[in-house]
Amino acid sequence: MRSLIFIITLFTFATAYTETASREPSVKVLKYRGAIQCDQKSGTPPEIMRNELVKAGIEVISVACGEDGRMHPMLCGTPTGAINIFEIPQKNAAQAFKLGFAKLDSSSGARETPCPAQLTQ
């Protein structure tokens, strides 16, 4: 019985520590995927960009796809406005900017969307 109580207590403290440790300020950054209209397989998958951040020593908290919120002409070969979005520690934002990422600004109209199936396979 004592060992069960000990395990439950240990688990509770470990969970509390993890939640506290992950509350460090974060920021969402984005990078254009490079997708073009009429080519569903174009663009860089989020996982490739995530690896770019990780290789630079930047922790990636979450990954999402999105759209830049701008109007784009419906013309084959033109950009779609598709973006990849990453939540990273705020302390690493300047380093991500040097890699070509930009801060996700909610006033720009950019928003998260489900990742296309061909990017998640």
# chains A, B, ... in the order shown; residues from 1 in each chain; ligands from 1

call {"tool": "closest_atom_pairs", "arguments": {"of": "stretch 63-110 of chain A", "to": "stretch 36-52 of chain A", "cutoff": "9 Å", "atoms": "only C-alpha atoms", "output": "CSV"}}
result
residue,atom,partner,partner_atom,distance
A:Val63,CA,A:Pro46,CA,7.1
A:Ala64,CA,A:Pro46,CA,7.4
A:Cys65,CA,A:Pro46,CA,7.2
A:Met74,CA,A:Gln37,CA,7.4
A:Leu75,CA,A:Gln37,CA,6.6
A:Cys76,CA,A:Gln37,CA,4.9
A:Gly77,CA,A:Ile36,CA,5.3
A:Thr78,CA,A:Ile36,CA,5.3
A:Pro79,CA,A:Ile36,CA,4.4
A:Thr80,CA,A:Ile36,CA,5.4
A:Gly81,CA,A:Ile36,CA,8.4
A:Ala82,CA,A:Gly43,CA,8.3
A:Ile83,CA,A:Pro46,CA,8.7
A:Asn84,CA,A:Pro46,CA,5.6
A:Ile85,CA,A:Pro46,CA,7.8
A:Phe86,CA,A:Arg50,CA,7.6
A:Leu99,CA,A:Glu52,CA,8.4

call {"tool": "write_last_selection", "arguments": {"atoms": "N, CA and C atoms", "output": "short mmCIF file (atom, residue, chain, number, x, y, z; two decimals), in the first residue's frame"}}
result
data_model
loop_
_atom_site.label_atom_id
_atom_site.label_comp_id
_atom_site.auth_asym_id
_atom_site.auth_seq_id
_atom_site.Cartn_x
_atom_site.Cartn_y
_atom_site.Cartn_z
N VAL A 63 3.56 22.07 -33.74
CA VAL A 63 3.65 22.27 -35.18
C VAL A 63 2.24 22.33 -35.75
N ALA A 64 2.02 23.23 -36.70
CA ALA A 64 0.72 23.33 -37.36
C ALA A 64 0.92 23.84 -38.79
N CYS A 65 -0.09 23.69 -39.59
CA CYS A 65 -0.10 24.28 -40.92
C CYS A 65 -1.01 25.50 -40.85
N MET A 74 -6.02 33.23 -58.42
CA MET A 74 -6.20 31.82 -58.74
C MET A 74 -5.57 31.58 -60.11
N LEU A 75 -4.29 31.24 -60.09
CA LEU A 75 -3.54 31.06 -61.31
C LEU A 75 -2.48 30.01 -61.09
N CYS A 76 -2.49 28.98 -61.92
CA CYS A 76 -1.50 27.91 -61.76
C CYS A 76 -0.09 28.46 -61.74
N GLY A 77 0.72 27.93 -60.81
CA GLY A 77 2.11 28.34 -60.70
C GLY A 77 2.34 29.51 -59.75
N THR A 78 1.27 30.10 -59.22
CA THR A 78 1.44 31.21 -58.27
C THR A 78 1.35 30.67 -56.84
N PRO A 79 1.92 31.39 -55.87
CA PRO A 79 1.90 30.92 -54.47
C PRO A 79 0.49 30.79 -53.91
N THR A 80 0.33 29.83 -53.02
CA THR A 80 -0.96 29.59 -52.38
C THR A 80 -1.14 30.36 -51.08
N GLY A 81 -0.04 30.80 -50.48
CA GLY A 81 -0.11 31.46 -49.17
C GLY A 81 -0.07 30.47 -48.02
N ALA A 82 0.23 29.20 -48.34
CA ALA A 82 0.31 28.18 -47.30
C ALA A 82 1.56 28.40 -46.45
N ILE A 83 1.40 28.25 -45.14
CA ILE A 83 2.51 28.45 -44.20
C ILE A 83 2.59 27.27 -43.24
N ASN A 84 3.77 27.10 -42.68
CA ASN A 84 3.97 26.16 -41.57
C ASN A 84 4.18 27.00 -40.32
N ILE A 85 3.56 26.58 -39.23
CA ILE A 85 3.58 27.35 -37.98
C ILE A 85 4.22 26.51 -36.88
N PHE A 86 5.11 27.14 -36.12
CA PHE A 86 5.82 26.44 -35.05
C PHE A 86 5.78 27.27 -33.78
N LEU A 99 16.94 32.27 -39.36
CA LEU A 99 16.75 31.13 -40.27
C LEU A 99 15.64 31.40 -41.29
#

call {"tool": "select_by_dssp", "arguments": {"residues": "stretch 62-101 of chain A", "states": "helix (DSSP H, G or I)", "output": "count of residues only"}}
result
9

call {"tool": "closest_residue", "arguments": {"among": "A:Ala110, A:Arg33, A:Lys28, A:Gln95", "to": "A:Ser62", "atoms": "only C-alpha atoms"}}
result
A:Lys28

call {"tool": "closest_residue", "arguments": {"among": "A:Phe101, A:Val54, A:Tyr32, A:Glu24", "to": "A:Gly66", "atoms": "only C-alpha atoms"}}
result
A:Tyr32

call {"tool": "residues_around", "arguments": {"residues": "A:Ser108", "least_positions_apart": "3", "cutoff": "8 Å", "atoms": "only C-alpha atoms", "output": "PyMOL selection string"}}
result
chain A and resi 68-69+105

call {"tool": "closest_residue", "arguments": {"among": "A:Ile58, A:Ala117, A:Glu67, A:Lys31", "to": "A:Ala94", "atoms": "only C-alpha atoms"}}
result
A:Ile58

call {"tool": "select_by_dssp", "arguments": {"residues": "stretch 17-60 of chain A", "states": "strand (DSSP E)", "output": "list in words"}}
result
Ser26, Val27, Lys28, Val29, Leu30, Lys31 and Tyr32 of chain A
